Amino acid sequence: MTFVLLMAAREFRASWRRLLFFFVCVAIGVGAIVALRSIIQSVRSGLTGEARAMIASDVVIQSNRAWTPEVRRDLDAQLAKTPVAARQDSIEMATMVRAERGAAVARMVELRGVESGFPFYGRFTLQGGAPYSHDLLVGRGTLVRPELLAQLGIRVGDRIMIGGQPFTVRGVIEQEPGGSAGGFSLGSRVLVDLADLRGTGLLTFGSRATHQILLKIAEENAALRLVREVRANFRERFVTARSFRSTENQIGESLERAENFLSLVGFIIVVLGGIGVWSVTRVFVQQKIPSVAILKCLGASTRQVLAAYVAQVALLALAGSALGVGLAAVGIRSIPASLTAALGRVAYGLTLSAVLQGLAVGLLVSLLFALVPLLEVRRVKPLLLLRGFNLAAAGQPWTGSLVSRLRARLAALDLLQAATGVLVAIALVVVASWQAGSWRAGAAVTIGFAGIAAVLYGAAFVLVRAVSPLASMRWFPLRHAVVSLRRPGNQTRVILLAVGLGSFFVLGVRSLQNDLIAEFALALDPKGADMFLIDVQRDQAGGVRALLVDRQDPGAPPPRLVPILRARVTGVKGREVTLDSFSDVRGRGSLGREYGITYRNALEENERVTEGRFWTGEPPLDPDAPLHEVSIEQSIHERFGIEVGDTMRFDVLGRIMQARVTSVRRVEWADARSGGFMFVFRPGALDKAPQTFVGFLKGPADLTARLRLQYDLVTKYPNVTAVDGREIIGRIQKVLDNAVLAISIVGGIALLSGTLILIGAVAMTRYQRVYEAAILRTLGASTRTLGTMLAIEYCALGLLAGAIGAAGAAALTWGVTRHVLDIAWRPAPVLLVSGALLTTALVAVVGVAASTEVLRKKPLGALRAE
Amino acid sequence: MIELRGVSKTVPSGDGTLTILHPLDLSIPDRHVVAITGPSGSGKSTLLGLIAGLDAPTSGQILVGGTDITTLGEDALARLRGTHIGFVFQFFHLLPSLTALENVRVPMEIAGARDAERRGRALLDEVGLSERGHHYPSQLSGGEQQRVAIARALANDPPLLLADEPTGNLDSTTGRQVIDLLLQVNRSRGTTLVLVTHDADLAALADLTIGLRDGAIASRTARPPAS
Ligand SMILES: Nc1ncnc2c1ncn2[C@@H]1O[C@H](COP(=O)(O)OP(=O)(O)OP(=O)(O)O)[C@@H](O)[C@H]1O
Ligand SMILES: [Mg+2]
């Protein structure tokens with residue numbers, strides 16, 4: 001035992017420089033895992049602690065319809081059975097505000113009306129340190145976010161118009177209770193008194209407001225029971241409930257998924273590092289064969305020698321992992337603020353669990369990857385020493401036919417080594433699954449890696465075969481470059497594997513990123529509608545339309561106002577399915593939800609009938625007809641088995657109506673800017689029912705004209721919300737930019753580890769090259785010849801690795817866009833070709849640069865050291 | 001006592017087999033100095049390797065101290081070498097990543113000896129290298145390396161010392177020093193010494209000289225009892 005440790009320590013002392021790179025590989029991978037996990041865990045612990053503050057209460061009961069007296073009564077009865085410590089109402093809605101005086105600008109905001117005592121949990125932080133109190137809101141006061149002040153060009157004390165009524169800005173909200181973990185929102189927060197909100201004209205029929213009852217319930221079990229019961233008893237009346245616990249769980253789950261996904265990325269980086277470890281260990285063992293033989297000759301058992309090297313690897317892996325933790329600590333500190341802002345205000349730091357997992361993965365992966373090459377020492381026979389052992393003789397030369405090579409391989413196949421290989425593969429799947437939190441993902445990643453590794457391995461073989469004839473060329477550098485590629489113990493496979501995987505990963509991420517961005521850019525199609533109106537009342541429709549037409553640029557397509565009603569499916573009588581009651585419908589999952597429906601007598605541009613016949617051009621039906629006509633969307637047809645000819649029963653705002661399915665339409669959702677409806681009715685039935693309109697229009701191109709239009713709309717129709725699609729897309733773009741930045745960072749780390757593996761692979765074989773170069777030097781080769789030799793060798797390797805990586809990346813993007821993201825695949829020849837060329841250049845530069853020692857070293861020194 | 005009974009060695013070569021050593025018998029009494037001579041390729045190193053258990057014979061038995069080492073497994077052989085056999089190579093074969101002193105200590109550490117440090121220094125002192133203990137092999141001359149290798153071979157005070165052309169890479173003066181060292185060990189510790197050499201002078205000092213030719217013993221010359 002002492003011998004093993006002593007030997008490990010001494011060898012370590014001598015070889016740490018050579019193994020430095022091993023160390024860095026592990027460090028980077030572990031650093032990635034620890035950093036990514038820590039961030040997410042910090043976010044998670046920061047948010048879960050604030051779940052109560054985020055909903056400002058213990059339980060929220062809410063509905064997107066105004067409370068009817070009956071619902072209210074029944075809810076009160078329900079609440080009477082629960083130990084409620086405090087309750088209050090609140091309303092949230094998106095609406096437009098404008099400055100009373102000053103710039104003609106209107107902005108969409110997220111308005112919230114609250115009562116005294118709000119919030120039950122959490123605290124508002126106001127600018128200037130003023131304490132929050134409800135008195136600030138009472139009597140048409142309002143609190144707004146700093147960005148709104150800037151947008152409207154006003155100051156505290158000025159007045160803004162909300163729903164046609166003036167409100168005085170009495171303070172600026174710096175932070176809301178529970179932080180701002182919502183991420184994406186339609187507008188900035190505006191807080192008013194609930195009574196004042198009710199006094200505006202905003203709560204008209206059909207307006208998109210969320211009506212809430214906030215409850216403070218000391219007893220957690222009672223709170224959870226209440227949530228369960230409200231959900232069960234009031235669902236049919238459009239009422240839902242959630243507790244701070246469910247908020248917490250929801251956040252927790254999605255963060256856990258994010259954590260596992262990111263950790264998988266970290267794991268992939270560790271595996272890249274592991275490949276580096278493998279290649280280092282392989283060359284290392286080869287160089288150590290004489291030492292192993294000597295040790296065996298001096299009486300050391302195979303187990304002792306193996307243990308000494310495993311101990312060394314473990315030591316290095318631990319040190320590398322520790323360095324990785326350090327890197328993560330530094331890395332977390334230097335994350336751009338714009339990235340973390342999206343995740344909310346959280347104190348970032350290393351978490352113990354992330355550190356432990358990182359250390360464990362680093363150690364495990366290193367040992368796993370090192371084990372197979374290390375087992376090689378078992379085969380070393382001390383007999384070697386009798387024949388003036390020569391390093392270059394290690395390994396088999398890369399010649400002979402595939403079959404003979406395979407046969408030789410099989411003959412030399414060491415059962416234990418093979419078994420270990422299989423075990424290591426299994427262990428890798430296990431570690432990957434552990435990191436991904438899912439067996440499927442773990443297996444997929446491992447198999448994907450194994451697949452591309454196999455391709456690269458095969459490519460290495462093909463490359464060596466393909467260039468072999470060149471070995472008889474007259475040009476010396478070329479001939480020797482070829483010889484280097486296939487020399488015994490060559491680095492061809494290692495470099496192809498490392499660089500190929502690295503470029504595959506980086507190019508894959510980049511081209512996926514391009515596809516995603518292109519997909520969003522499509523949404524900005526200049527011809528399509530880019531402004532949307534919500535909550536236009538029936539009596540406002542004419543006036544709104546006239547205003548829009550007046551403001552549009554000449555030649556723009558006329559604005560469209562589409563009636564929209566809310567309805568629920570309460571029964572189906574059909575060939576395939578029969579659902580008698582609403583509870584049957586609810587059993588069918590989302591079929592039981594509330595749908596927005598419309599009626600019209602023509603198809604939209606993005607629609608196509610796939611079955612039956614649409615009523616284009618036919619006269620409206622009699623409103624009192626017993627059976628109406630409805631056209632359903634393809635997905636309804638496919639998911640719920642509803643066919644043409646089936647009869648469906650709808651509850652449209654309390655009115656029950658029967659309709660026969662006369663056609664199935666496919667809506668091109670990717671092009672849904674003019675809306676997409678699951679259910680379209682034939683005109684007649686719904687014309688007289690209460691309804692609101694949504695509007696689609698191509699707004700003026702000029703930004704001031706757009707702002708002016710929004711402003712005038714709000715001034716004239718305070719309840720109407722005008723959404724500027726460009727602004728929303730701008731916001732999405734920002735979120736996307738952050739995602740792209742994050743992806744680029746991860747891709748950069750992968751590139752870095754790929755480069756490191758390359759340097760390592762080059763450095764590892766350097767000792768052998770220094771010796772060879774010294775001999776060639778002695779025989780008269782110039783530095784230039786040696787340099788050209790190296791350049792040719794590395795260019796060939798780089799080109800092949802880059803080409804395979806690019807091909808793999810194209811395949812990956814194709815698969816992911818088609819089957820995972822469901823967006824169009826755009827071949828990116830420029831990116832891929834330049835990626836492959838860059839890889840070539842990188843390999844050539846790094847390869848030659850890392851070999852400068854070969855070129856510079858005096859031959860005598862090299863020969864003596866040997 | 002070392003006994004070789006019908007020991008032969010063949011290796012597969014192409015379609016047939018190549019005979020390196022034809023069946024041979026040899027016994028070496030304890031405390032003797034035996035020189036193995038013969039032209040290059042005659043099988044000297046192979047024979048020495050077989051005695052050390054570095055290789056297995058194709059046929060025959062090799063008894064070292066009464067044990068048939070051909071029946072031992074790899075690890076048992078390693079243990080035997082560690083404690084009973086010292087081996088000095090023609091090409092030194094020191095561990096390049098270890099200092100001279102550490103190289104000497106290794107066999108003792110493998111055997112689990114307690115006083116490796118002290119004894120290692122004493123051995124280096126014995127071979128005249130007490131000042132060079134902290135140097136690495138690449139910092140030592142060939143003769144110095146060879147002396148470290150001898151010190152290492154003696155580390156566990158083995159009853160049998162095998163040396164394959166210990167002076168083959170050294171100039172005659174240094175070679176002489178090395179030979180003297182080995183003979184002195186034989187005398188003072190009673191170590192059985194088997195050396196492969198081309199050096200006629202050295203062979204003349206041996207109790208028994210075995211001449212090999214084409215893998216067979218061509219001559220056995222015992223030194224006259226007193227000269
Ligand atoms: N594994 C092997 N495969 C093929 N031939 C071998 C093998 N081992 C030894 N030989 C051959 O056996 C013969 C004897 O080798 P050995 O090394 O014992 O010779 P030697 O007497 O020590 O020669 P030298 O004085 O040159 O060191 C040589 O011809 C050698 O080529
Ligand atoms: Mg020899």
# chains A, B, ... in the order shown; residues from 1 in each chain; ligands from 1
>>> residues_around(residues="stretch 118-124 of chain B", least_positions_apart="2", cutoff="12 Å", atoms="only C-alpha atoms", output="MDAnalysis selection string")
chainID B and resid 99:109 113:116 126:135 144:157 181 185
>>> residues_around(residues="B:Ala216", least_positions_apart="2", cutoff="7 Å", atoms="only C-alpha atoms", output="ChimeraX atom specification")
/B:21-22,24,212-214,218
>>> closest_atom_pairs(of="chain B", to="ligand 2", cutoff="8 Å", atoms="only C-alpha atoms and all ligand atoms", output="CSV")
residue,atom,partner,partner_atom_place_in_ligand_line,distance
B:Ser40,CA,ligand 2,1 (Mg),6.9
B:Gly41,CA,ligand 2,1 (Mg),7.0
B:Gly43,CA,ligand 2,1 (Mg),7.1
B:Lys44,CA,ligand 2,1 (Mg),5.7
B:Ser45,CA,ligand 2,1 (Mg),4.2
B:Thr46,CA,ligand 2,1 (Mg),7.3
B:Gln90,CA,ligand 2,1 (Mg),7.9
B:Asp164,CA,ligand 2,1 (Mg),6.8
B:Glu165,CA,ligand 2,1 (Mg),7.3
B:Val196,CA,ligand 2,1 (Mg),7.8
>>> write_last_selection(atoms="N, CA and C atoms", output="PDB file, in the first residue's frame")
ATOM      1  N   SER B  40      26.967 -13.021 -30.422  1.00  0.00           N
ATOM      2  CA  SER B  40      25.680 -12.326 -30.427  1.00  0.00           C
ATOM      3  C   SER B  40      24.603 -13.227 -31.045  1.00  0.00           C
ATOM      4  N   GLY B  41      23.465 -13.261 -30.397  1.00  0.00           N
ATOM      5  CA  GLY B  41      22.362 -14.043 -30.939  1.00  0.00           C
ATOM      6  C   GLY B  41      22.393 -15.491 -30.537  1.00  0.00           C
ATOM      7  N   GLY B  43      21.769 -16.668 -27.601  1.00  0.00           N
ATOM      8  CA  GLY B  43      20.723 -16.994 -26.633  1.00  0.00           C
ATOM      9  C   GLY B  43      21.082 -16.683 -25.193  1.00  0.00           C
ATOM     10  N   LYS B  44      22.108 -15.862 -24.984  1.00  0.00           N
ATOM     11  CA  LYS B  44      22.565 -15.568 -23.615  1.00  0.00           C
ATOM     12  C   LYS B  44      21.479 -14.840 -22.817  1.00  0.00           C
ATOM     13  N   SER B  45      20.987 -13.770 -23.416  1.00  0.00           N
ATOM     14  CA  SER B  45      19.978 -12.978 -22.698  1.00  0.00           C
ATOM     15  C   SER B  45      18.733 -13.813 -22.443  1.00  0.00           C
ATOM     16  N   THR B  46      18.412 -14.627 -23.414  1.00  0.00           N
ATOM     17  CA  THR B  46      17.224 -15.468 -23.259  1.00  0.00           C
ATOM     18  C   THR B  46      17.388 -16.396 -22.063  1.00  0.00           C
ATOM     19  N   GLN B  90      21.742  -4.676 -19.319  1.00  0.00           N
ATOM     20  CA  GLN B  90      22.758  -4.057 -20.169  1.00  0.00           C
ATOM     21  C   GLN B  90      22.459  -2.562 -20.370  1.00  0.00           C
ATOM     22  N   ASP B 164      23.100  -8.912 -17.150  1.00  0.00           N
ATOM     23  CA  ASP B 164      23.190  -9.110 -18.602  1.00  0.00           C
ATOM     24  C   ASP B 164      24.128  -8.056 -19.177  1.00  0.00           C
ATOM     25  N   GLU B 165      25.310  -8.488 -19.525  1.00  0.00           N
ATOM     26  CA  GLU B 165      26.333  -7.582 -20.056  1.00  0.00           C
ATOM     27  C   GLU B 165      26.397  -6.286 -19.266  1.00  0.00           C
ATOM     28  N   VAL B 196      26.287 -12.372 -17.973  1.00  0.00           N
ATOM     29  CA  VAL B 196      26.518 -12.558 -19.403  1.00  0.00           C
ATOM     30  C   VAL B 196      27.607 -11.572 -19.770  1.00  0.00           C
TER      31      VAL B 196
END
>>> closest_residue(among="A:Ala319, A:Val285, A:Met96, A:Leu386", to="ligand 1", atoms="only C-alpha atoms and all ligand atoms")
A:Leu386
>>> interface_residues(of="chain A", to="chain B", cutoff="7 Å", atoms="only C-alpha atoms", output="JSON, numbers by chain")
{"A": [3, 10, 11, 14, 291, 294, 296, 297, 298, 299, 300, 301, 302, 382, 383, 386, 388, 865]}
>>> closest_residue(among="A:Ala53, A:Leu797, A:Leu709, A:Lys381", to="ligand 1", atoms="only C-alpha atoms and all ligand atoms")
A:Lys381
>>> select_by_dssp(residues="stretch 148-197 of chain A", states="strand (DSSP E or B)", output="list in words")
Arg159, Ile160, Met161, Ile162, Gln165, Pro166, Phe167, Thr168, Val169, Arg170, Gly171, Val172, Ile173, Glu174, Gln175, Ser188, Arg189, Val190, Leu191, Val192 and Asp193 of chain A
>>> select_by_dssp(residues="stretch 107-149 of chain B", states="helix (DSSP H, G or I)", output="PyMOL selection string")
chain B and resi 107-111+116-126+130-132+137-139+142-149
